[in-house]
Protein chains: 4
Amino acid sequence: MIGVFEHPWLQGLFGDAEAAAIWAPDQQLQHMLAFEAAFTRALGQAGRIPQVQADSVALQIAAFKPELASLRRGTAQDGLPVPALVAQLVQATGAKTAVHQGATSQDVIDTALALTLRNFNSLLEVRLAAVAGGLDQLAAKFGPRMIMGRTRMQAALPVTVADRLVAWSQPLAGHRDRLQGLRPKVELLQLGGAVGNTAALAPQAQTISADMAKRLGLGNPPRAWHAMRENLVEYAGLLALISGSLGKMGQDICLMAQQGVDEIAMSGGGSSSAMAHKQNPVLAELLVTLARFNATQIAGMQHSMIHEQERSGAAWGLEWMILPQMAQAVARSLSAANEICTSITRIGA
Amino acid sequence: MIGVFEHPWLQGLFGDAEAAAIWAPDQQLQHMLAFEAAFTRALGQAGRIPQVQADSVALQIAAFKPELASLRRGTAQDGLPVPALVAQLVQATGAKTAVHQGATSQDVIDTALALTLRNFNSLLEVRLAAVAGGLDQLAAKFGPRMIMGRTRMQAALPVTVADRLVAWSQPLAGHRDRLQGLRPKVELLQLGGAVGNTAALAPQAQTISADMAKRLGLGNPPRAWHAMRENLVEYAGLLALISGSLGKMGQDICLMAQQGVDEIAMSGGGSSSAMAHKQNPVLAELLVTLARFNATQIAGMQHSMIHEQERSGAAWGLEWMILPQMAQAVARSLSAANEICTSITRIGA
Amino acid sequence: MIGVFEHPWLQGLFGDAEAAAIWAPDQQLQHMLAFEAAFTRALGQAGRIPQVQADSVALQIAAFKPELASLRRGTAQDGLPVPALVAQLVQATGAKTAVHQGATSQDVIDTALALTLRNFNSLLEVRLAAVAGGLDQLAAKFGPRMIMGRTRMQAALPVTVADRLVAWSQPLAGHRDRLQGLRPKVELLQLGGAVGNTAALAPQAQTISADMAKRLGLGNPPRAWHAMRENLVEYAGLLALISGSLGKMGQDICLMAQQGVDEIAMSGGGSSSAMAHKQNPVLAELLVTLARFNATQIAGMQHSMIHEQERSGAAWGLEWMILPQMAQAVARSLSAANEICTSITRIGA
Amino acid sequence: MIGVFEHPWLQGLFGDAEAAAIWAPDQQLQHMLAFEAAFTRALGQAGRIPQVQADSVALQIAAFKPELASLRRGTAQDGLPVPALVAQLVQATGAKTAVHQGATSQDVIDTALALTLRNFNSLLEVRLAAVAGGLDQLAAKFGPRMIMGRTRMQAALPVTVADRLVAWSQPLAGHRDRLQGLRPKVELLQLGGAVGNTAALAPQAQTISADMAKRLGLGNPPRAWHAMRENLVEYAGLLALISGSLGKMGQDICLMAQQGVDEIAMSGGGSSSAMAHKQNPVLAELLVTLARFNATQIAGMQHSMIHEQERSGAAWGLEWMILPQMAQAVARSLSAANEICTSITRIGA
């Protein structure tokens with residue numbers, strides 16, 4: 001448990017329970033089973049297996065409790081958990097031809113990711129609205145007051161508190177629009193089969209994918225996106241943009257909270273083990289930390305675009321290492337920003 | 001001349017003449033003068049200075065030839081060239097109140113950038129269309145042939161050449177859409193004055209900015225974006241996405257060109273100083289290099305979002321160091337991809 | 001549990017049990033208590049508290065079982081767990097003046113990190129030697145065979161297998177030297193007090209730190225390094241260098257394992273959910289993934305050097321997010337490289 | 001001329017004339033010719049060509065003025081300038097067997113880089129000493145004064161100015177040691193021939209390389225480092241460490257120069273185009289910018305470690321794009337830090 005998002009005590013600062021629940025392994029597993037169940041049903045719908053069998057096997061899949069140790073061993077062996085999962089499902093259902101036949105591991109994992117993103121995006125929407133609302137309230141309370149405008153870290157000319165706040169809130173409105181635009185580009189079924197061209201599902205491939213997408217509540221892209229990760233990387237970019245905008249807000253608050261500047265007051269600042277009198281702007285600092293974390297990570301996501309041929313193990317693994325962390329970081333940025341908004345007791349003199 | 005884009009011989013590989021012309025300092029200077037001229041005209045239009053004076057001074061500004069050594073000294077002193085430029089303009093026109101009064105350095109530099117981006121985006125559009133067209137031609141010629149599909153760098157099952165090509169071309173269509181969506185978000189006037197709130201231009205600030213935007217052919221945002229860089233960083237993200245998609249194409253070609261794989265033939269490969277028989281896939285390698293370069297740089301752009309208060313010198317300077325290079329890199333990616341398309345003489349057996 | 005190093009099934013691929021044990025929270029806690037116990041003993045040794053009390057309180061500290069929920073709440077409040085831990089220790093020992101008085105949170109956390117690094121570095125030494133040994137054995141078995149040397153991904157001229165292997169093994173020897181040189185620079189006591197100058201411990205500060213360093217088996221630097229992180233960042237750089245060298249080895253193996261190249265054979269490759277005939281070079285791909293992960297992360301560590309004044313919360317938190325992951329990644333790189341060495345059954349024809 | 005280091009006016013801020021001269025293309029060309037001349041002489045010394053011919057051809061090479069347009073065309077064609085350069089040399093000398101026979105392009109370019117680094121490292125040594133000296137003088141002048149120590153951007157307890165300064169100067173001493181240790185690891189001859197094993201020079205390869213290294217004033221490594229870039233990446237890491245330490249100094253100065261904090265006064269601050277009263281800490285901001293620039297770039301250097309097989313075009317090109325810029329950035333960091341030291345007129349009250 002070295003990761004700060006799950007660490008026994010560091011999660012107190014970095015962790016976000018709602019986001020963690022959405023990205024939790026048991027959810028990922030449910031999403032993988034949802035893929036397999038929908039796939040089996042779609043095979044029935046398309047007439048590739050008997051409908052009755054499809055319904056029955058799909059129910060078994062949906063209710064299945066995979067053995068985790070086997071998935072772990074399978075991942076060690078195969079680089080991903082799907083062959084082991086499918087083996088378990090085949091054994092449990094006794095229906096080899098009705099399970100996963102014509103799909104590939106990446107179909108399962110990427111579709112599971114899409115389902116996670118759908119849930120996560122709904123959380124993001126709520127959070128973005130909450131922070132925007134919090135900033136609006138601050139503007140309503142303190143907007144007309146004057147503070148010193150500062151450029152290049154030097155006192156320039158007075159501005160209103162509203163002037164300062166708009167640079168925090170306006171970008172959030174843009175991020176909400178971006179998210180709306182991106183949801184249909186990442187909440188997408190993945191179904192390509194072994195080499196991405198759905199050859200093993202011909203000629204019913206489009207029937208199957210349309211049926212699955214409908215069942216799963218995902219979009220049905222014209223083609224599998226195994227090796228075309230640009231939408232996902234664009235999405236990661238949005239996560240970094242959101243935490244970046246909040247990082248600017250955090251940096252400003254740290255500067256405003258300095259003794260000698262004294263432009264802001266907050267309740268509940270952190271205490272020091274050495275100096276009882278101190279009130280540290282812990283959450284504002286956190287916004288800066290998370291912004292710089294995501295700014296760092298986006299480079300890795302960009303590198304992960306370079307998939308070799310029909311599927312890359314190396315590039316895909318890099319995505320696995322980075323994207324969930326970026327999501328946790330942005331979720332925590334938003335919850336911390338919201339806490340900050342409600343803890344501010346004064347801006348301006 | 002250490003930069004590869006302008007280096008006496010490395011520019012042969014990395015340089016792009018059209019992009020270089022768009023980003024050239026003399027163009028930047030023309031854009032800065034265009035800002036100042038439009039601003040002066042708008043002051044007249046708004047009745048802040050006599051219309052006749054505005055027209056006359058604007059003409060002088062537009063025709064002015066700044067002294068570069070003075071701009072260099074001014075940049076060393078002030079961190080940017082605008083105070084020195086304005087001083088030259090005031091001296092040349094003798095019209096202090098008609099020049100730059102109520103604007104700030106960042107207004108000039110950011111608007112000049114927006115004008116550069118407008119020209120550059122038109123180039124990107126043409127280039128994206130050209131590469132997409134080139135790939136379509138390859139698909140028309142070689143699409144039905146079979147090659148071995150490879151996943152995790154291992155032979156999997158045969159695919160058509162068209163299957164391989166679609167992973168190169170489909171993302172480009174998306175990038176063209178992204179660019180259309182982003183143009184209005186970055187081809188924007190900047191006008192905020194000293195601390196970004198146009199206070200010195202009240203109550204005619206919106207009149208002035210609307211007039212300027214129209215004259216300059218830029219959008220007129222509701223508010224100055226001095227410290228809100230998210231649109232620009234999103235734009236940099238698109239540049240990295242484009243070079244990333246082309247990097248995947250380049251990586252594939254390098255792999256296809258290997259002896260023992262032999263899935264592609266190109267005319268005009270690079271020779272070796274030690275082995276006359278070799279044909280190196282130089283341009284395909286270049287696509288990988290440029291993709292990894294931009295993947296690296298985007299992190300710096302994300303960090304540059306953290307502006308302090310009304311304007312950051314430090315974060316802004318980071319943007320100056322990185323964004324023009326990302327633009328050159330993506331322009332060269334596109335021209336190299338186009339050259340590759342026309343040089344391919346065979347895909348598949 | 002989104003982190004791949006601890007994820008229920010992904011840890012099968014990414015996880016490393018020995019490294020995880022060294023970086024485990026309970027170990028961190030033991031190290032923090034070890035700091036506090038050594039500090040209390042040193043206060044006694046220096047005559048700031050009675051020796052008898054020092055010994056007794058130190059024993060209590062060393063045996064103390066902190067309440068984790070309180071540490072989590074404390075971290076949420078204060079940005080770090082130390083104030084909550086100290087409060088627990090004071091309550092448990094009833095000896096406020098004998099616990100932590102004159103130290104600061106960063107002293108505790110950084111010293112605990114130094115103790116973790118000491119253990120981790122010993123693991124790295126063993127692992128580096130093991131991989132070097134494995135490569136030597138491969139050279140002994142297959143070294144004289146000829147394979148095609150490839151430059152710019154094109155067949156060039158034949159080389160021996162030994163020629164190929166030396167580019168994998170020689171850098172490891174350098175990394176072992178680097179590690180030897182770096183150990184004394186990061187296995188260092190941190191003791192600076194509230195603002196880093198040990199003012200609260202004067203005039204016995206050097207006596208206390210020398211005593212503590214000896215007890216803890218760490219170096220005693222001339223001055224606290226609260227805001228001087230260059231040694232730690234250099235160390236992170238070494239982690240990235242190690243995984244980078246192994247990434248080159250992994251990339252080569254992926255290329256050598258291609259059908260049509262066939263320069264290497266390994267037992268135990270990963271299977272595919274769609275294609276039973278495939279043997280994927282999963283661990284070689286993993287080396288590439290981990291190299292690119294650490295290459296990404298090192299940028300964040302470099303940014304974390306920019307501490308404000310006597311201590312930065314924001315920059316320090318970035319270090320917490322990144323360094324443990326880099327360590328896990330490099331540990332897994334080394335264990336995977338070792339597995340690869342033992343699984344190779346043939347290099348060359 | 002989009003690069004800030006050479007840009008007509010931005011070079012006023014970012015440029016460094018001494019560093020630019022060391023990295024200038026004409027110097028690179030001289031170093032490449034120096035390689036070829038030394039190689040030809042060594043061929044004579046080793047008896048592979050007549051000594052008289054070797055001396056004569058070497059003199060011609062050393063005095064040769066290459067045609068740049070041809071190098072540019074050659075680079076476009078071959079991905080590097082060496083084949084074109086060698087062709088010119090062969091034509092000029094009429095001595096095909098005495099020119100470059102048995103060497104490869106990478107030998108020339110990497111050795112030329114090593115010669116550049118030797119000169120640049122001498123500059124770094126002088127600069128590091130100068131900044132250390134400047135900080136010592138500040139400590140002598142202002143060291144005993146008290147300022148407020150600040151942790152987490154909050155007032156904590158008073159410290160001396162010397163306490164603040166030591167966090168700026170102590171790391172520089174470490175960097176000087178690092179540089180001493182690294183010089184012999186990067187100021188190295190490269191001589192490997194076509195596939196890096198000097199096969200074409202056998203059995204005199206070691207004689208030739210020893211002779212060349214001596215003539216060129218470089219170290220003679222046991223083996224060519226075509227695809228082992230760890231020393232170079234470690235070196236790039238040092239560049240980032242140096243600019244990182246100076247970035248912390250710059251950040252501190254920006255914070256100290258704030259109105260309300262007022263802990264530092266400098267002569268010659270930058271002026272604003274909108275506010276004549278402002279004095280911007282331009283050079284301190286620049287230190288932050290350059291630190292974040294190099295922190296970004298080091299990730300790219302780390303990615304460039306992943307060379308394929310005996311030589312990578314793609315990874316090597318990434319190094320060309322990044323390393324010279326990191327060097328320019330650190331050189332400017334050091335000169336700016338030095339200017340800052342001499343411009344500080346007061347620290348503390």
# chains A, B, ... in the order shown; residues from 1 in each chain; ligands from 1

call {"tool": "closest_atom_pairs", "arguments": {"of": "chain B", "to": "chain A", "cutoff": "6 Å", "atoms": "only C-alpha atoms", "output": "CSV"}}
result
residue,atom,partner,partner_atom,distance
B:Arg150,CA,A:Glu310,CA,5.6
B:Thr151,CA,A:Arg311,CA,4.5
B:Arg152,CA,A:Ser312,CA,4.8
B:Gly244,CA,A:Met305,CA,5.9
B:Lys248,CA,A:Ile306,CA,4.4
B:Asp252,CA,A:Gln309,CA,5.6
B:Ala295,CA,A:Gln302,CA,5.0
B:Thr296,CA,A:Ala299,CA,5.4
B:Ala299,CA,A:Ala295,CA,5.1
B:Gln302,CA,A:Ala295,CA,5.0
B:His303,CA,A:Ala295,CA,5.7
B:Met305,CA,A:Gly244,CA,5.9
B:Ile306,CA,A:Lys248,CA,4.4
B:His307,CA,A:Lys248,CA,5.8
B:Glu308,CA,A:Asp252,CA,5.8
B:Gln309,CA,A:Asp252,CA,5.6
B:Glu310,CA,A:Thr151,CA,5.2
B:Arg311,CA,A:Thr151,CA,4.5
B:Ser312,CA,A:Arg152,CA,4.7
B:Gly313,CA,A:Arg152,CA,5.0

call {"tool": "residues_around", "arguments": {"residues": "segment 200-208 of chain C", "least_positions_apart": "6", "cutoff": "7 Å", "atoms": "only C-alpha atoms", "output": "short mmCIF file (atom, residue, chain, number, x, y, z; two decimals) with all heavy atoms, in the first residue's frame"}}
result
data_model
loop_
_atom_site.label_atom_id
_atom_site.label_comp_id
_atom_site.auth_asym_id
_atom_site.auth_seq_id
_atom_site.Cartn_x
_atom_site.Cartn_y
_atom_site.Cartn_z
N ALA C 42 18.52 10.30 22.66
CA ALA C 42 19.57 11.30 22.44
C ALA C 42 19.36 12.52 23.34
O ALA C 42 20.32 13.14 23.80
CB ALA C 42 19.62 11.70 20.97
N LEU C 43 18.10 12.86 23.59
CA LEU C 43 17.83 13.96 24.54
C LEU C 43 18.39 13.60 25.90
O LEU C 43 18.95 14.46 26.61
CB LEU C 43 16.33 14.22 24.65
CG LEU C 43 15.62 14.84 23.44
CD1 LEU C 43 14.13 15.05 23.77
CD2 LEU C 43 16.25 16.17 23.03
N ALA C 46 22.21 13.72 25.85
CA ALA C 46 22.70 15.11 25.84
C ALA C 46 22.36 15.84 27.13
O ALA C 46 22.69 17.01 27.28
CB ALA C 46 22.08 15.85 24.66
N GLY C 102 11.55 19.76 20.05
CA GLY C 102 12.71 20.28 19.34
C GLY C 102 12.87 19.69 17.96
O GLY C 102 13.68 20.16 17.17
N GLY C 193 14.50 20.45 13.19
CA GLY C 193 13.57 21.22 14.00
C GLY C 193 12.70 22.12 13.15
O GLY C 193 12.77 22.10 11.90
#

call {"tool": "residues_around", "arguments": {"residues": "Gly12 of chain B", "least_positions_apart": "4", "cutoff": "6 Å", "atoms": "only C-alpha atoms", "output": "number ranges by chain"}}
result
D: 72-73, 75-76

call {"tool": "write_last_selection", "arguments": {"atoms": "C-alpha atoms", "output": "CSV table (one decimal), in the first residue's frame"}}
result
chain,number,residue,atom,x,y,z
D,72,ARG,CA,21.6,19.7,-44.9
D,73,ARG,CA,20.5,17.7,-48.0
D,75,THR,CA,20.8,15.0,-43.3
D,76,ALA,CA,17.4,15.1,-44.9

call {"tool": "closest_residue", "arguments": {"among": "B:Leu191, B:Ala210, B:Ala331, B:Ile344", "to": "Gly268 of chain B", "atoms": "only C-alpha atoms"}}
result
B:Ile344

call {"tool": "select_by_dssp", "arguments": {"residues": "segment 20-178 of chain A", "states": "strand (DSSP E or B)", "output": "list in words"}}
result
Gln101, Ala103, Met146, Ile147, Met148, Gly149, Arg150, Thr151, Gln154, Ala155, Ala156, Leu157, Pro158, Val159 and Thr160 of chain A

call {"tool": "write_last_selection", "arguments": {"atoms": "all heavy atoms", "output": "JSON list (two decimals), in the first residue's frame"}}
result
[["chain", "number", "residue", "atom", "x", "y", "z"],
["A", 101, "GLN", "N", -15.93, -16.48, -27.09],
["A", 101, "GLN", "CA", -15.47, -16.96, -28.41],
["A", 101, "GLN", "C", -15.62, -15.87, -29.46],
["A", 101, "GLN", "O", -16.74, -15.53, -29.85],
["A", 101, "GLN", "CB", -16.28, -18.18, -28.83],
["A", 101, "GLN", "CG", -15.95, -19.42, -28.05],
["A", 101, "GLN", "CD", -14.83, -20.23, -28.69],
["A", 101, "GLN", "OE1", -14.39, -19.90, -29.79],
["A", 101, "GLN", "NE2", -14.38, -21.27, -27.99],
["A", 103, "ALA", "N", -14.10, -12.90, -29.07],
["A", 103, "ALA", "CA", -13.62, -11.68, -28.42],
["A", 103, "ALA", "C", -12.15, -11.88, -28.03],
["A", 103, "ALA", "O", -11.61, -12.99, -28.16],
["A", 103, "ALA", "CB", -14.45, -11.37, -27.18],
["A", 146, "MET", "N", -11.93, 44.89, -2.43],
["A", 146, "MET", "CA", -10.71, 45.13, -3.21],
["A", 146, "MET", "C", -9.55, 44.39, -2.58],
["A", 146, "MET", "O", -9.38, 44.37, -1.36],
["A", 146, "MET", "CB", -10.39, 46.63, -3.24],
["A", 146, "MET", "CG", -11.47, 47.51, -3.84],
["A", 146, "MET", "SD", -11.98, 47.03, -5.52],
["A", 146, "MET", "CE", -10.49, 47.45, -6.47],
["A", 147, "ILE", "N", -8.73, 43.80, -3.41],
["A", 147, "ILE", "CA", -7.43, 43.30, -2.98],
["A", 147, "ILE", "C", -6.39, 43.81, -3.97],
["A", 147, "ILE", "O", -6.74, 44.36, -5.02],
["A", 147, "ILE", "CB", -7.37, 41.74, -2.95],
["A", 147, "ILE", "CG1", -7.81, 41.15, -4.29],
["A", 147, "ILE", "CG2", -8.23, 41.18, -1.81],
["A", 147, "ILE", "CD1", -7.67, 39.65, -4.36],
["A", 148, "MET", "N", -5.14, 43.64, -3.62],
["A", 148, "MET", "CA", -4.09, 44.09, -4.51],
["A", 148, "MET", "C", -3.92, 43.08, -5.65],
["A", 148, "MET", "O", -3.69, 41.90, -5.39],
["A", 148, "MET", "CB", -2.77, 44.21, -3.73],
["A", 148, "MET", "CG", -1.58, 44.67, -4.55],
["A", 148, "MET", "SD", -1.87, 46.22, -5.47],
["A", 148, "MET", "CE", -1.90, 47.40, -4.12],
["A", 149, "GLY", "N", -4.07, 43.56, -6.86],
["A", 149, "GLY", "CA", -3.74, 42.71, -8.00],
["A", 149, "GLY", "C", -2.24, 42.54, -8.07],
["A", 149, "GLY", "O", -1.48, 43.50, -7.81],
["A", 150, "ARG", "N", -1.80, 41.34, -8.37],
["A", 150, "ARG", "CA", -0.36, 41.09, -8.39],
["A", 150, "ARG", "C", 0.01, 40.42, -9.71],
["A", 150, "ARG", "O", -0.60, 39.44, -10.12],
["A", 150, "ARG", "CB", 0.05, 40.18, -7.22],
["A", 150, "ARG", "CG", -0.05, 40.90, -5.87],
["A", 150, "ARG", "CD", 0.11, 39.97, -4.68],
["A", 150, "ARG", "NE", -0.44, 40.60, -3.48],
["A", 150, "ARG", "CZ", 0.29, 41.29, -2.59],
["A", 150, "ARG", "NH1", 1.59, 41.36, -2.72],
["A", 150, "ARG", "NH2", -0.29, 41.89, -1.57],
["A", 151, "THR", "N", 1.02, 40.97, -10.34],
["A", 151, "THR", "CA", 1.53, 40.38, -11.57],
["A", 151, "THR", "C", 3.01, 40.15, -11.38],
["A", 151, "THR", "O", 3.70, 40.97, -10.78],
["A", 151, "THR", "CB", 1.28, 41.29, -12.79],
["A", 151, "THR", "OG1", 1.87, 42.56, -12.54],
["A", 151, "THR", "CG2", -0.22, 41.49, -13.01],
["A", 154, "GLN", "N", 4.39, 40.65, -7.99],
["A", 154, "GLN", "CA", 4.58, 41.99, -7.46],
["A", 154, "GLN", "C", 3.25, 42.72, -7.42],
["A", 154, "GLN", "O", 2.41, 42.55, -8.32],
["A", 154, "GLN", "CB", 5.54, 42.78, -8.35],
["A", 154, "GLN", "CG", 6.98, 42.33, -8.25],
["A", 154, "GLN", "CD", 7.62, 42.78, -6.95],
["A", 154, "GLN", "OE1", 7.82, 43.96, -6.71],
["A", 154, "GLN", "NE2", 7.91, 41.83, -6.08],
["A", 155, "ALA", "N", 3.07, 43.51, -6.39],
["A", 155, "ALA", "CA", 1.87, 44.34, -6.30],
["A", 155, "ALA", "C", 1.76, 45.22, -7.54],
["A", 155, "ALA", "O", 2.74, 45.86, -7.94],
["A", 155, "ALA", "CB", 1.93, 45.21, -5.05],
["A", 156, "ALA", "N", 0.56, 45.21, -8.14],
["A", 156, "ALA", "CA", 0.37, 45.99, -9.36],
["A", 156, "ALA", "C", -0.66, 47.08, -9.09],
["A", 156, "ALA", "O", -0.31, 48.19, -8.67],
["A", 156, "ALA", "CB", -0.07, 45.07, -10.49],
["A", 157, "LEU", "N", -1.91, 46.76, -9.28],
["A", 157, "LEU", "CA", -2.99, 47.70, -9.04],
["A", 157, "LEU", "C", -4.13, 46.93, -8.38],
["A", 157, "LEU", "O", -4.26, 45.73, -8.58],
["A", 157, "LEU", "CB", -3.49, 48.30, -10.37],
["A", 157, "LEU", "CG", -2.51, 49.18, -11.12],
["A", 157, "LEU", "CD1", -3.02, 49.44, -12.54],
["A", 157, "LEU", "CD2", -2.28, 50.50, -10.38],
["A", 158, "PRO", "N", -4.98, 47.61, -7.62],
["A", 158, "PRO", "CA", -6.08, 46.89, -6.96],
["A", 158, "PRO", "C", -7.04, 46.25, -7.96],
["A", 158, "PRO", "O", -7.26, 46.78, -9.05],
["A", 158, "PRO", "CB", -6.78, 48.00, -6.17],
["A", 158, "PRO", "CG", -5.76, 49.06, -6.00],
["A", 158, "PRO", "CD", -4.93, 49.02, -7.24],
["A", 159, "VAL", "N", -7.55, 45.10, -7.56],
["A", 159, "VAL", "CA", -8.62, 44.44, -8.32],
["A", 159, "VAL", "C", -9.70, 44.06, -7.32],
["A", 159, "VAL", "O", -9.48, 44.09, -6.11],
["A", 159, "VAL", "CB", -8.12, 43.16, -9.04],
["A", 159, "VAL", "CG1", -7.06, 43.50, -10.08],
["A", 159, "VAL", "CG2", -7.60, 42.14, -8.03],
["A", 160, "THR", "N", -10.83, 43.67, -7.83],
["A", 160, "THR", "CA", -11.85, 43.16, -6.92],
["A", 160, "THR", "C", -11.57, 41.67, -6.64],
["A", 160, "THR", "O", -10.89, 40.99, -7.42],
["A", 160, "THR", "CB", -13.25, 43.26, -7.54],
["A", 160, "THR", "OG1", -13.29, 42.43, -8.70],
["A", 160, "THR", "CG2", -13.60, 44.68, -7.91]]

call {"tool": "select_by_dssp", "arguments": {"residues": "segment 182-323 of chain A", "states": "alpha helix (DSSP H)", "output": "ChimeraX atom specification"}}
result
/A:182-186,205-216,230-256,282-303,313-323

call {"tool": "closest_atom_pairs", "arguments": {"of": "segment 187-287 of chain A", "to": "segment 140-144 of chain A", "cutoff": "12 Å", "atoms": "only C-alpha atoms", "output": "Markdown table"}}
result
| residue | atom | partner | partner_atom | distance |
| --- | --- | --- | --- | --- |
| A:Glu263 | CA | A:Phe142 | CA | 11.2 |
| A:Ile264 | CA | A:Phe142 | CA | 10.5 |
| A:Ala265 | CA | A:Phe142 | CA | 11.9 |

call {"tool": "residues_around", "arguments": {"residues": "Ala63 of chain B", "least_positions_apart": "6", "cutoff": "10 Å", "atoms": "only C-alpha atoms", "output": "VMD selection string"}}
result
chain B and resid 30 33 to 34 37 57
